[in-house]
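Structure file start_5.txt (compact mmCIF, C-alpha atoms) is printed below.
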```
# COMPACT_ATOMS: atom_id res chain seq x y z
CA MET A 1 4.18 -28.48 -48.24
CA GLY A 2 3.17 -29.37 -51.80
CA GLN A 3 4.93 -32.14 -53.68
CA ALA A 4 7.25 -31.22 -56.53
CA ALA A 5 7.12 -32.97 -59.89
CA LYS A 6 9.75 -35.62 -60.47
CA PRO A 7 12.91 -34.31 -62.11
CA GLY A 8 12.66 -34.30 -65.90
CA THR A 9 8.86 -34.53 -66.00
CA VAL A 10 6.51 -31.84 -67.34
CA PRO A 11 3.52 -31.17 -65.08
CA VAL A 12 0.08 -31.66 -66.66
CA PHE A 13 -2.28 -29.02 -65.36
CA PRO A 14 -6.09 -29.33 -65.33
CA GLU A 15 -8.29 -27.07 -67.44
CA VAL A 16 -8.71 -23.59 -66.00
CA THR A 17 -12.38 -22.94 -65.29
CA GLY A 18 -14.26 -20.95 -62.69
CA ASP A 19 -17.50 -22.96 -63.13
CA PHE A 20 -16.48 -25.65 -60.65
CA TYR A 21 -20.00 -27.04 -60.23
CA ASP A 22 -20.80 -26.88 -63.99
CA LEU A 23 -23.75 -24.58 -63.44
CA ALA A 24 -23.78 -23.82 -67.17
CA ALA A 25 -25.39 -27.26 -67.47
CA PHE A 26 -28.68 -25.55 -66.50
CA LEU A 27 -28.63 -23.79 -69.88
CA HIS A 28 -30.38 -25.18 -72.94
CA ASP A 29 -28.08 -26.56 -75.62
CA GLU A 30 -28.55 -23.54 -77.89
CA ASP A 31 -27.69 -21.20 -75.04
CA ARG A 32 -24.53 -23.15 -74.25
CA LEU A 33 -23.61 -22.85 -77.91
CA LEU A 34 -24.14 -19.09 -77.72
CA LEU A 35 -22.04 -18.92 -74.58
CA GLY A 36 -19.21 -20.64 -76.42
CA GLN A 37 -19.52 -18.13 -79.26
CA VAL A 38 -19.35 -15.23 -76.80
CA ARG A 39 -16.28 -16.75 -75.16
CA ASP A 40 -14.62 -17.21 -78.54
CA PHE A 41 -15.37 -13.59 -79.48
CA MET A 42 -14.05 -12.22 -76.20
CA GLU A 43 -10.87 -14.29 -76.28
CA LYS A 44 -10.10 -13.58 -79.94
CA HIS A 45 -11.26 -9.98 -80.37
CA VAL A 46 -11.24 -8.34 -76.94
CA ALA A 47 -8.57 -10.03 -74.83
CA PRO A 48 -5.69 -9.15 -77.18
CA VAL A 49 -6.49 -5.42 -77.24
CA ILE A 50 -8.35 -4.50 -74.08
CA ASN A 51 -5.32 -3.57 -71.99
CA ILE A 52 -4.32 -1.04 -74.64
CA TYR A 53 -7.75 0.58 -74.67
CA TRP A 54 -8.14 0.37 -70.89
CA GLY A 55 -4.79 2.06 -70.47
CA LYS A 56 -5.71 4.85 -72.87
CA ALA A 57 -9.26 5.16 -71.48
CA GLU A 58 -10.66 4.61 -74.96
CA PHE A 59 -13.43 2.34 -76.21
CA PRO A 60 -12.59 -0.46 -78.70
CA PHE A 61 -15.11 0.45 -81.39
CA GLU A 62 -13.29 -1.90 -83.75
CA VAL A 63 -14.83 -4.95 -82.01
CA LEU A 64 -18.46 -3.82 -82.27
CA PRO A 65 -19.25 -5.33 -85.71
CA ALA A 66 -18.21 -8.80 -84.53
CA MET A 67 -20.02 -8.25 -81.24
CA ALA A 68 -23.20 -7.29 -83.07
CA GLU A 69 -23.08 -10.57 -84.99
CA LEU A 70 -23.44 -12.46 -81.71
CA GLY A 71 -27.01 -11.18 -81.30
CA ILE A 72 -26.74 -10.65 -77.54
CA ALA A 73 -28.14 -7.11 -77.20
CA GLY A 74 -31.44 -7.26 -75.32
CA LEU A 75 -30.93 -11.02 -75.09
CA ALA A 76 -33.81 -11.75 -72.70
CA TYR A 77 -36.40 -9.56 -74.42
CA SER A 78 -39.01 -11.12 -76.70
CA GLY A 79 -40.29 -9.64 -79.94
CA TYR A 80 -39.26 -6.40 -81.63
CA GLY A 81 -36.24 -8.09 -83.21
CA CYS A 82 -34.86 -9.20 -79.84
CA PRO A 83 -33.47 -12.73 -79.28
CA GLY A 84 -36.02 -13.84 -76.69
CA ARG A 85 -33.60 -15.99 -74.69
CA SER A 86 -33.83 -16.60 -70.94
CA PHE A 87 -32.58 -14.31 -68.19
CA LEU A 88 -30.37 -17.22 -67.17
CA ALA A 89 -28.70 -17.17 -70.59
CA ASP A 90 -28.42 -13.40 -70.38
CA GLY A 91 -26.72 -13.71 -67.00
CA PHE A 92 -24.18 -16.25 -68.21
CA VAL A 93 -23.39 -14.01 -71.18
CA ALA A 94 -22.89 -11.02 -68.87
CA MET A 95 -20.52 -13.11 -66.77
CA GLU A 96 -18.64 -14.27 -69.86
CA LEU A 97 -18.15 -10.69 -71.02
CA ALA A 98 -16.94 -9.58 -67.59
CA ARG A 99 -14.68 -12.62 -67.28
CA ILE A 100 -12.49 -11.08 -69.98
CA ASP A 101 -13.28 -7.42 -69.40
CA PRO A 102 -15.82 -5.76 -67.09
CA SER A 103 -15.79 -2.61 -69.26
CA MET A 104 -17.29 -4.53 -72.19
CA ALA A 105 -19.84 -6.14 -69.86
CA THR A 106 -20.78 -2.69 -68.59
CA PHE A 107 -21.12 -1.34 -72.13
CA MET A 108 -23.57 -4.12 -72.95
CA GLY A 109 -25.32 -3.76 -69.60
CA VAL A 110 -26.01 -0.11 -70.37
CA HIS A 111 -26.99 -0.61 -74.00
CA GLY A 112 -28.79 -3.95 -73.94
CA GLY A 113 -29.95 -3.74 -70.33
CA LEU A 114 -30.73 -0.24 -69.12
CA ALA A 115 -31.39 1.58 -72.41
CA MET A 116 -33.19 -1.18 -74.28
CA GLY A 117 -34.85 -2.28 -71.03
CA SER A 118 -36.30 1.19 -70.47
CA ILE A 119 -37.88 1.11 -73.90
CA TYR A 120 -38.98 -2.52 -73.53
CA LEU A 121 -40.70 -1.95 -70.19
CA CYS A 122 -41.79 1.68 -70.50
CA GLY A 123 -42.17 2.41 -74.20
CA SER A 124 -45.28 2.40 -76.33
CA GLU A 125 -45.71 -0.21 -79.04
CA GLU A 126 -44.65 2.39 -81.60
CA GLN A 127 -41.53 3.26 -79.63
CA LYS A 128 -40.58 -0.38 -79.20
CA GLU A 129 -41.08 -1.07 -82.90
CA GLN A 130 -39.00 1.98 -83.83
CA TRP A 131 -36.05 1.56 -81.48
CA LEU A 132 -35.61 -2.00 -80.31
CA PRO A 133 -34.90 -3.75 -83.64
CA PRO A 134 -31.97 -1.46 -84.62
CA MET A 135 -30.70 -1.50 -81.05
CA ALA A 136 -30.82 -5.31 -81.00
CA ARG A 137 -28.76 -5.28 -84.19
CA MET A 138 -26.48 -2.68 -82.54
CA GLU A 139 -27.04 -0.30 -85.43
CA LYS A 140 -28.22 2.17 -82.79
CA ILE A 141 -26.47 2.35 -79.40
CA GLY A 142 -28.23 3.44 -76.23
CA ALA A 143 -27.36 5.14 -72.95
CA PHE A 144 -29.26 5.58 -69.68
CA GLY A 145 -29.29 8.93 -67.87
CA LEU A 146 -30.46 8.76 -64.26
CA THR A 147 -27.58 9.68 -61.92
CA GLU A 148 -26.83 13.39 -61.42
CA PRO A 149 -23.82 15.31 -60.08
CA ASP A 150 -25.50 15.70 -56.70
CA VAL A 151 -28.00 12.83 -56.85
CA GLY A 152 -26.99 9.17 -56.78
CA SER A 153 -28.73 6.85 -54.34
CA GLY A 154 -31.38 9.49 -53.67
CA ALA A 155 -32.72 9.44 -57.24
CA ALA A 156 -36.14 8.21 -56.13
CA GLY A 157 -37.01 11.50 -54.49
CA GLY A 158 -34.33 13.97 -55.42
CA LEU A 159 -33.90 14.29 -59.18
CA THR A 160 -33.10 17.89 -60.09
CA THR A 161 -33.33 17.47 -63.87
CA THR A 162 -36.69 18.93 -64.84
CA ALA A 163 -39.22 18.40 -67.60
CA LYS A 164 -41.83 21.00 -68.49
CA GLN A 165 -44.54 20.35 -71.04
CA ASP A 166 -44.93 23.06 -73.64
CA GLY A 167 -47.68 22.16 -76.06
CA ASP A 168 -46.71 18.99 -77.89
CA THR A 169 -43.09 19.11 -76.70
CA TRP A 170 -41.23 18.79 -73.41
CA VAL A 171 -38.40 21.07 -72.32
CA LEU A 172 -35.62 19.38 -70.33
CA ASN A 173 -33.10 21.19 -68.14
CA GLY A 174 -30.44 19.80 -65.81
CA MET A 175 -27.33 17.66 -65.66
CA LYS A 176 -26.51 13.96 -65.54
CA LYS A 177 -23.26 12.31 -64.45
CA TRP A 178 -21.56 8.91 -64.86
CA ILE A 179 -23.63 8.13 -67.95
CA GLY A 180 -21.99 5.20 -69.73
CA ASN A 181 -21.94 5.19 -73.56
CA ALA A 182 -23.30 8.74 -73.61
CA THR A 183 -20.40 10.26 -75.56
CA PHE A 184 -21.31 8.21 -78.63
CA ALA A 185 -24.82 6.84 -78.05
CA ASP A 186 -27.47 7.41 -80.72
CA VAL A 187 -30.18 7.74 -78.09
CA THR A 188 -30.06 8.41 -74.35
CA VAL A 189 -32.92 7.67 -71.97
CA ILE A 190 -33.18 10.75 -69.75
CA TRP A 191 -35.12 10.56 -66.51
CA ALA A 192 -36.47 13.91 -65.32
CA ARG A 193 -38.99 15.23 -62.82
CA ASP A 194 -42.15 16.77 -64.27
CA VAL A 195 -42.38 20.24 -62.69
CA ASP A 196 -46.18 20.14 -62.87
CA ASP A 197 -47.02 16.85 -61.16
CA GLY A 198 -43.68 16.08 -59.45
CA ASN A 199 -43.43 12.60 -60.99
CA VAL A 200 -40.40 11.14 -62.75
CA LYS A 201 -40.79 10.56 -66.48
CA GLY A 202 -38.53 9.12 -69.15
CA PHE A 203 -37.54 10.72 -72.45
CA LEU A 204 -35.68 9.47 -75.52
CA VAL A 205 -33.12 12.10 -76.49
CA GLU A 206 -31.26 11.61 -79.74
CA LYS A 207 -27.67 12.74 -80.15
CA ASP A 208 -27.18 16.15 -81.76
CA THR A 209 -30.46 17.38 -80.27
CA PRO A 210 -29.99 21.15 -79.68
CA GLY A 211 -29.10 21.86 -76.04
CA PHE A 212 -27.94 18.29 -75.38
CA THR A 213 -24.18 18.12 -74.81
CA THR A 214 -21.87 15.45 -73.41
CA GLU A 215 -18.44 15.76 -71.83
CA LYS A 216 -16.29 12.70 -71.36
CA MET A 217 -15.27 12.10 -67.75
CA GLU A 218 -11.51 11.82 -67.45
CA HIS A 219 -9.06 10.34 -64.94
CA LYS A 220 -11.14 7.34 -63.89
CA ILE A 221 -9.28 4.47 -62.23
CA ALA A 222 -11.93 1.85 -63.02
CA LEU A 223 -13.84 0.68 -66.12
CA ARG A 224 -11.57 2.95 -68.10
CA ALA A 225 -12.75 1.70 -71.49
CA VAL A 226 -16.32 2.72 -70.63
CA GLN A 227 -17.03 6.20 -71.94
CA ASN A 228 -18.82 7.87 -69.03
CA ALA A 229 -20.10 11.38 -69.58
CA ILE A 230 -21.46 14.43 -67.86
CA ILE A 231 -24.58 15.44 -69.77
CA THR A 232 -25.88 18.99 -69.84
CA LEU A 233 -29.49 19.56 -70.86
CA ASP A 234 -30.09 23.23 -71.65
CA GLY A 235 -33.60 23.81 -72.91
CA VAL A 236 -33.64 20.47 -74.75
CA ARG A 237 -36.94 20.12 -76.60
CA VAL A 238 -38.30 16.59 -76.90
CA PRO A 239 -41.49 15.82 -78.85
CA GLU A 240 -44.28 14.11 -76.93
CA PRO A 241 -43.88 10.93 -79.04
CA MET A 242 -40.34 10.66 -77.64
CA ARG A 243 -41.58 10.55 -74.04
CA LEU A 244 -41.68 6.98 -72.74
CA GLN A 245 -45.43 6.50 -72.71
CA ARG A 246 -45.54 3.91 -69.94
CA ALA A 247 -43.24 5.71 -67.50
CA SER A 248 -45.27 7.89 -65.17
CA SER A 249 -43.37 7.66 -61.86
CA PHE A 250 -40.07 6.52 -60.37
CA ARG A 251 -41.72 3.16 -59.74
CA ASP A 252 -41.40 2.53 -63.48
CA THR A 253 -37.73 3.54 -63.39
CA ALA A 254 -37.25 1.14 -60.48
CA ASN A 255 -38.76 -1.69 -62.54
CA VAL A 256 -35.97 -1.22 -65.07
CA LEU A 257 -33.34 -1.15 -62.34
CA ARG A 258 -34.72 -4.31 -60.72
CA MET A 259 -34.50 -6.17 -64.01
CA THR A 260 -30.92 -5.07 -64.67
CA ARG A 261 -29.59 -5.30 -61.09
CA ALA A 262 -29.43 -9.06 -61.46
CA SER A 263 -27.16 -8.57 -64.49
CA VAL A 264 -24.78 -6.44 -62.42
CA ALA A 265 -24.50 -9.29 -59.92
CA TRP A 266 -23.55 -11.54 -62.83
CA GLN A 267 -20.94 -9.01 -63.92
CA ALA A 268 -19.45 -9.12 -60.43
CA VAL A 269 -19.19 -12.91 -60.69
CA GLY A 270 -17.46 -12.55 -64.05
CA CYS A 271 -15.03 -9.99 -62.66
CA GLY A 272 -14.06 -12.28 -59.80
CA ARG A 273 -13.92 -15.30 -62.07
CA GLY A 274 -11.63 -13.54 -64.54
CA ALA A 275 -9.21 -12.57 -61.78
CA TYR A 276 -9.30 -16.09 -60.31
CA GLU A 277 -8.60 -17.75 -63.66
CA HIS A 278 -5.68 -15.41 -64.39
CA ALA A 279 -4.27 -16.11 -60.92
CA LEU A 280 -4.66 -19.86 -61.40
CA ARG A 281 -2.81 -19.77 -64.72
CA TYR A 282 -0.12 -17.62 -63.17
CA SER A 283 0.34 -20.10 -60.33
CA THR A 284 1.21 -22.84 -62.81
CA LYS A 285 3.73 -20.73 -64.73
CA ARG A 286 5.41 -18.66 -62.02
CA GLN A 287 8.26 -20.60 -60.44
CA GLN A 288 9.97 -19.98 -57.15
CA PHE A 289 12.43 -22.31 -55.40
CA GLY A 290 12.54 -24.44 -58.53
CA ARG A 291 8.83 -25.24 -58.83
CA PRO A 292 5.46 -23.67 -59.78
CA ILE A 293 4.05 -21.60 -56.92
CA GLY A 294 0.72 -23.40 -57.39
CA GLY A 295 2.31 -26.33 -55.57
CA PHE A 296 2.62 -24.43 -52.29
CA GLN A 297 0.04 -24.69 -49.54
CA LEU A 298 -0.48 -20.97 -48.97
CA VAL A 299 -1.03 -20.36 -52.67
CA GLN A 300 -3.52 -23.19 -52.93
CA ASP A 301 -5.36 -21.76 -49.93
CA GLN A 302 -5.71 -18.43 -51.74
CA LEU A 303 -6.88 -20.13 -54.93
CA VAL A 304 -9.51 -22.18 -53.10
CA ARG A 305 -10.78 -19.10 -51.27
CA MET A 306 -11.15 -17.37 -54.63
CA LEU A 307 -12.89 -20.35 -56.18
CA GLY A 308 -15.20 -20.58 -53.17
CA ASN A 309 -16.22 -16.95 -53.62
CA VAL A 310 -16.83 -17.39 -57.33
CA THR A 311 -18.78 -20.63 -56.86
CA THR A 312 -20.90 -19.23 -54.03
CA SER A 313 -21.77 -16.19 -56.12
CA LEU A 314 -22.42 -18.20 -59.26
CA CYS A 315 -24.84 -20.47 -57.40
CA MET A 316 -26.61 -17.39 -56.08
CA VAL A 317 -27.05 -15.62 -59.43
CA THR A 318 -28.03 -18.83 -61.20
CA ARG A 319 -30.93 -19.28 -58.80
CA LEU A 320 -31.75 -15.57 -59.02
CA SER A 321 -32.09 -15.75 -62.80
CA GLN A 322 -34.22 -18.88 -62.53
CA LEU A 323 -36.56 -16.88 -60.29
CA GLN A 324 -36.47 -14.04 -62.80
CA ASP A 325 -37.37 -16.41 -65.65
CA ALA A 326 -40.28 -17.70 -63.54
CA GLY A 327 -41.49 -14.11 -63.07
CA VAL A 328 -41.22 -14.22 -59.28
CA MET A 329 -37.91 -12.46 -58.56
CA THR A 330 -38.31 -9.71 -55.97
CA ASP A 331 -36.47 -6.43 -55.41
CA GLU A 332 -34.86 -7.75 -52.26
CA GLN A 333 -33.66 -10.95 -53.94
CA ALA A 334 -31.95 -8.92 -56.69
CA SER A 335 -30.51 -6.56 -54.09
CA LEU A 336 -29.10 -9.37 -51.94
CA ALA A 337 -27.32 -10.85 -54.94
CA LYS A 338 -25.91 -7.50 -56.02
CA ALA A 339 -24.66 -6.73 -52.52
CA VAL A 340 -23.16 -10.15 -51.78
CA CYS A 341 -21.63 -10.85 -55.19
CA THR A 342 -19.88 -7.49 -55.39
CA VAL A 343 -18.38 -7.99 -51.92
CA LYS A 344 -17.22 -11.47 -52.91
CA ALA A 345 -15.75 -10.11 -56.14
CA ARG A 346 -13.87 -7.42 -54.26
CA GLU A 347 -12.31 -10.02 -51.97
CA THR A 348 -11.52 -12.34 -54.86
CA VAL A 349 -9.70 -9.77 -56.99
CA GLY A 350 -7.72 -8.72 -53.91
CA LEU A 351 -6.60 -12.29 -53.30
CA ALA A 352 -5.62 -12.61 -56.96
CA ARG A 353 -3.52 -9.49 -56.79
CA GLU A 354 -1.89 -10.77 -53.62
CA LEU A 355 -1.05 -14.08 -55.26
CA LEU A 356 0.72 -12.31 -58.12
CA GLY A 357 2.81 -10.24 -55.72
CA GLY A 358 4.37 -7.19 -57.34
CA ASN A 359 3.35 -8.42 -60.78
CA GLY A 360 -0.27 -8.00 -59.71
CA ILE A 361 -0.13 -4.27 -60.34
CA LEU A 362 1.14 -4.66 -63.91
CA LEU A 363 -1.55 -4.08 -66.53
CA GLU A 364 -0.02 -6.77 -68.71
CA GLU A 365 -0.89 -9.38 -66.07
CA ASN A 366 -4.59 -8.36 -66.24
CA VAL A 367 -5.39 -8.88 -62.56
CA GLY A 368 -4.82 -5.23 -61.65
CA ARG A 369 -7.50 -4.25 -64.18
CA PHE A 370 -10.00 -6.53 -62.45
CA VAL A 371 -9.03 -5.07 -59.06
CA ALA A 372 -9.79 -1.57 -60.28
CA ASP A 373 -12.97 -2.51 -62.16
CA ALA A 374 -14.41 -4.34 -59.16
CA GLU A 375 -14.56 -1.02 -57.34
CA ALA A 376 -16.94 0.43 -59.92
CA ILE A 377 -19.17 -2.65 -60.02
CA TYR A 378 -19.31 -2.50 -56.22
CA SER A 379 -20.88 0.96 -56.41
CA TYR A 380 -23.09 1.32 -59.48
CA GLU A 381 -26.73 0.27 -59.77
CA GLY A 382 -27.17 0.61 -56.05
CA THR A 383 -24.36 0.71 -53.51
CA ARG A 384 -23.93 -2.17 -51.08
CA GLU A 385 -25.44 -0.02 -48.33
CA ILE A 386 -28.57 0.84 -50.30
CA ASN A 387 -29.08 -2.78 -51.29
CA THR A 388 -28.69 -3.93 -47.69
CA LEU A 389 -31.41 -1.47 -46.68
CA ILE A 390 -33.73 -2.95 -49.31
CA VAL A 391 -33.08 -6.45 -48.00
CA GLY A 392 -33.17 -5.33 -44.39
CA ARG A 393 -36.60 -3.79 -44.86
CA ALA A 394 -37.86 -7.03 -46.37
CA ILE A 395 -36.62 -9.31 -43.60
CA THR A 396 -37.55 -7.07 -40.64
CA GLY A 397 -40.62 -5.29 -41.94
CA LEU A 398 -38.97 -2.04 -40.79
CA SER A 399 -37.62 0.64 -43.09
CA ALA A 400 -34.24 2.13 -42.18
CA PHE A 401 -34.24 4.55 -45.14
CA VAL A 402 -33.94 8.20 -44.15
```
Structure re-expressed in structure tokens:
Amino acid sequence: MGQAAKPGTVPVFPEVTGDFYDLAAFLHDEDRLLLGQVRDFMEKHVAPVINIYWGKAEFPFEVLPAMAELGIAGLAYSGYGCPGRSFLADGFVAMELARIDPSMATFMGVHGGLAMGSIYLCGSEEQKEQWLPPMARMEKIGAFGLTEPDVGSGAAGGLTTTAKQDGDTWVLNGMKKWIGNATFADVTVIWARDVDDGNVKGFLVEKDTPGFTTEKMEHKIALRAVQNAIITLDGVRVPEPMRLQRASSFRDTANVLRMTRASVAWQAVGCGRGAYEHALRYSTKRQQFGRPIGGFQLVQDQLVRMLGNVTTSLCMVTRLSQLQDAGVMTDEQASLAKAVCTVKARETVGLARELLGGNGILLEENVGRFVADAEAIYSYEGTREINTLIVGRAITGLSAFV
């Protein structure tokens, strides 16, 4: 059994950190400074209010001005008013956001990753000059519309949202589901199948466009602060200049998803790390049998298992982002990280909830929020099963896709 402190003494506990191997040391000094600024913002502006908003399933718009000042939207993109930092820095920032709240990390992943990334990779020079600077400043917020009510993992070949060219405009019809930020976004990237050539194309649809309506999805049990929507497109007319000029097939859509899938793996690490750090703090404050529970062997075993998961995952995504910065990251490498890190996060948040006992389901103790949010991260941007098929095909040379 653990050793109790001597009577009359006050235990001195080490700093709580989930970066046990100091992997942040791989960052340049300016990126470490930015990471500290992000942490300060999250702890001062988001941590005190997020449980209220999560509980009400509302988004904390009040924190966006301070968040915009950080300059982290589209962090790894160069030019067009974007910061031009590394993917490694972008990953650490995503983890830092998720460490306090995965909903805020998801918001930024949709806006700065999927929406801005679609324009960055698939837009014309004119489109990038028009949209990316205000989006980087967060004066314009973006959303990304790919998933449909009946089409999730099968998006590559089964999109039912259609696009029909009519002179110098395109007419969009269909529905999208689970579209984060869509209830308030200024622009939503809509992916639709061209009825004439059968290829998937991307379109920039501004809010208040006639025929474009959003309905907030209610009764979610995860990422409750994220405003997911069902989008209905009923004869939505989009001018040709609003079609993403460099998106001509689903392969282009997949390029966006490959780039952002690494960020989701980082979010999973942040989710697990946040739960671990809350559990560690709790173990030093919660007393049973006259001493902190952190001094008991079974509790320390749980904490070390959590830390092992977080450290394993953090090593994995750090190397993944280094490969991404070198321009050699592959689909299967991103998929392996997404699959493994989300599984590790799921186990970690479960151990944290177990350590807190009954208190683990109280929102005020935070861990329950991470437990719920891990379920969403586990599924979006490619389920574990889909990602294992991508990796399996790479290592065997045999496709198991239907």
(request) Return the single residue from A:Gln324, A:Thr183, A:Ser335, A:Thr232 that is closest to A:Phe87, with distances computed using all atoms listed in the file. (result)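 Among the listed residues, the smallest separation from A:Phe87 belongs to A:Gln324.
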(request) Give me the residues within 12 Å of A:Asp301 as a PyMOL selection string, counting all atoms listed in the file and dropping any in the same chain fewer than 2 places off. (result) chain A and resi 1-2+280+283+293-299+303-308+351-352+355
(request) Please provide the set of residues having any atom within 9 Å of A:Asp19, restricted to only C-alpha atoms, with same-chain residues fewer than 6 positions apart removed, written as a ChimeraX atom specification. (result) /A:273,307,310-311,314
(message) I'd like the neighbourhood of A:Gly109 as a PyMOL selection string, where a residue qualifies if any of its atoms comes within 9 Å (using only C-alpha atoms), though same-chain residues fewer than 6 positions away should be ignored.
(response) chain A and resi 73+94+115+260+263-264+267
(request) Kindly indicate which residue among A:Cys271, A:Leu34, A:Leu159, A:Leu64 lies nearest to A:Leu223, using all atoms listed in the file for the distances. (result) A:Cys271
(request) May I ask which of the residues A:Ala47, A:Tyr53, A:Phe20, A:Pro102 is the closest one to A:Asn309, counting all atoms listed in the file? (result) A:Phe20
(request) Find the residue from A:Thr318, A:Val151, A:Asp40, A:Pro210 that sits nearest to A:Leu27; use all atoms listed in the file when measuring. (result) A:Thr318
(request) Between A:Leu336, A:Ala182, A:Gln245, A:Gly274, single out the one closest to A:Met42, counting all atoms listed in the file. (result) A:Gly274
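When the distance limit is 10 Å and all atoms listed in the file are what count, the residues near A:Pro65, minus those fewer than 5 positions from it on the same chain, are Leu70, Arg137, Met138 and Glu139 of chain A.
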Could you take the residues named above and write them with C-alpha atoms, as a compact mmCIF listing (two decimals), in the frame of the given file?
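Just written: out31.txt:
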```
# COMPACT_ATOMS: atom_id res chain seq x y z
CA LEU A 70 -23.44 -12.46 -81.71
CA ARG A 137 -28.76 -5.28 -84.19
CA MET A 138 -26.48 -2.68 -82.54
CA GLU A 139 -27.04 -0.30 -85.43
```
Per residue of stretch 249-293 of chain A within 10 Å of stretch 196-202 of chain A, what are the shortest atom pair and its distance in Å to one decimal, counting all atoms listed in the file, with rows by chain and residue number, as a Markdown table?
```
| residue | atom | partner | partner_atom | distance |
| --- | --- | --- | --- | --- |
| A:Ser249 | CA | A:Val200 | CA | 4.7 |
| A:Phe250 | CA | A:Val200 | CA | 5.2 |
| A:Arg251 | CA | A:Val200 | CA | 8.6 |
| A:Asp252 | CA | A:Lys201 | CA | 8.6 |
| A:Thr253 | CA | A:Gly202 | CA | 8.1 |
```
(message) Taking 2 positions as the minimum chain separation for residues in the same chain, which residues sit within 6 Å of A:Ala57 when counting all atoms listed in the file? Answer as number ranges by chain.
(response) A: 53-55, 224-225
Centre and edge lengths of an axis-aligned box around all listed atoms of stretch 77-84 of chain A, with 6 Å added on each side, are to be given in Å to one decimal, as AutoDock Vina command-line options.
```
--center_x -36.9 --center_y -10.1 --center_z -78.8 --size_x 18.8 --size_y 19.4 --size_z 20.8
```
(message) Using only C-alpha atoms for the distances, tell me which of A:Ser399, A:Thr312, A:Asn255, A:Ser379 is nearest to A:Ile119.
(response)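 The answer is A:Asn255, which sits nearest to A:Ile119.
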(request) Name the residues within 10 Å of (-28.4, 16.5, -59.7), counting only C-alpha atoms in the file's coordinates, and put them as a ChimeraX atom specification. (result) /A:146-152,154-155,158-161,174-177
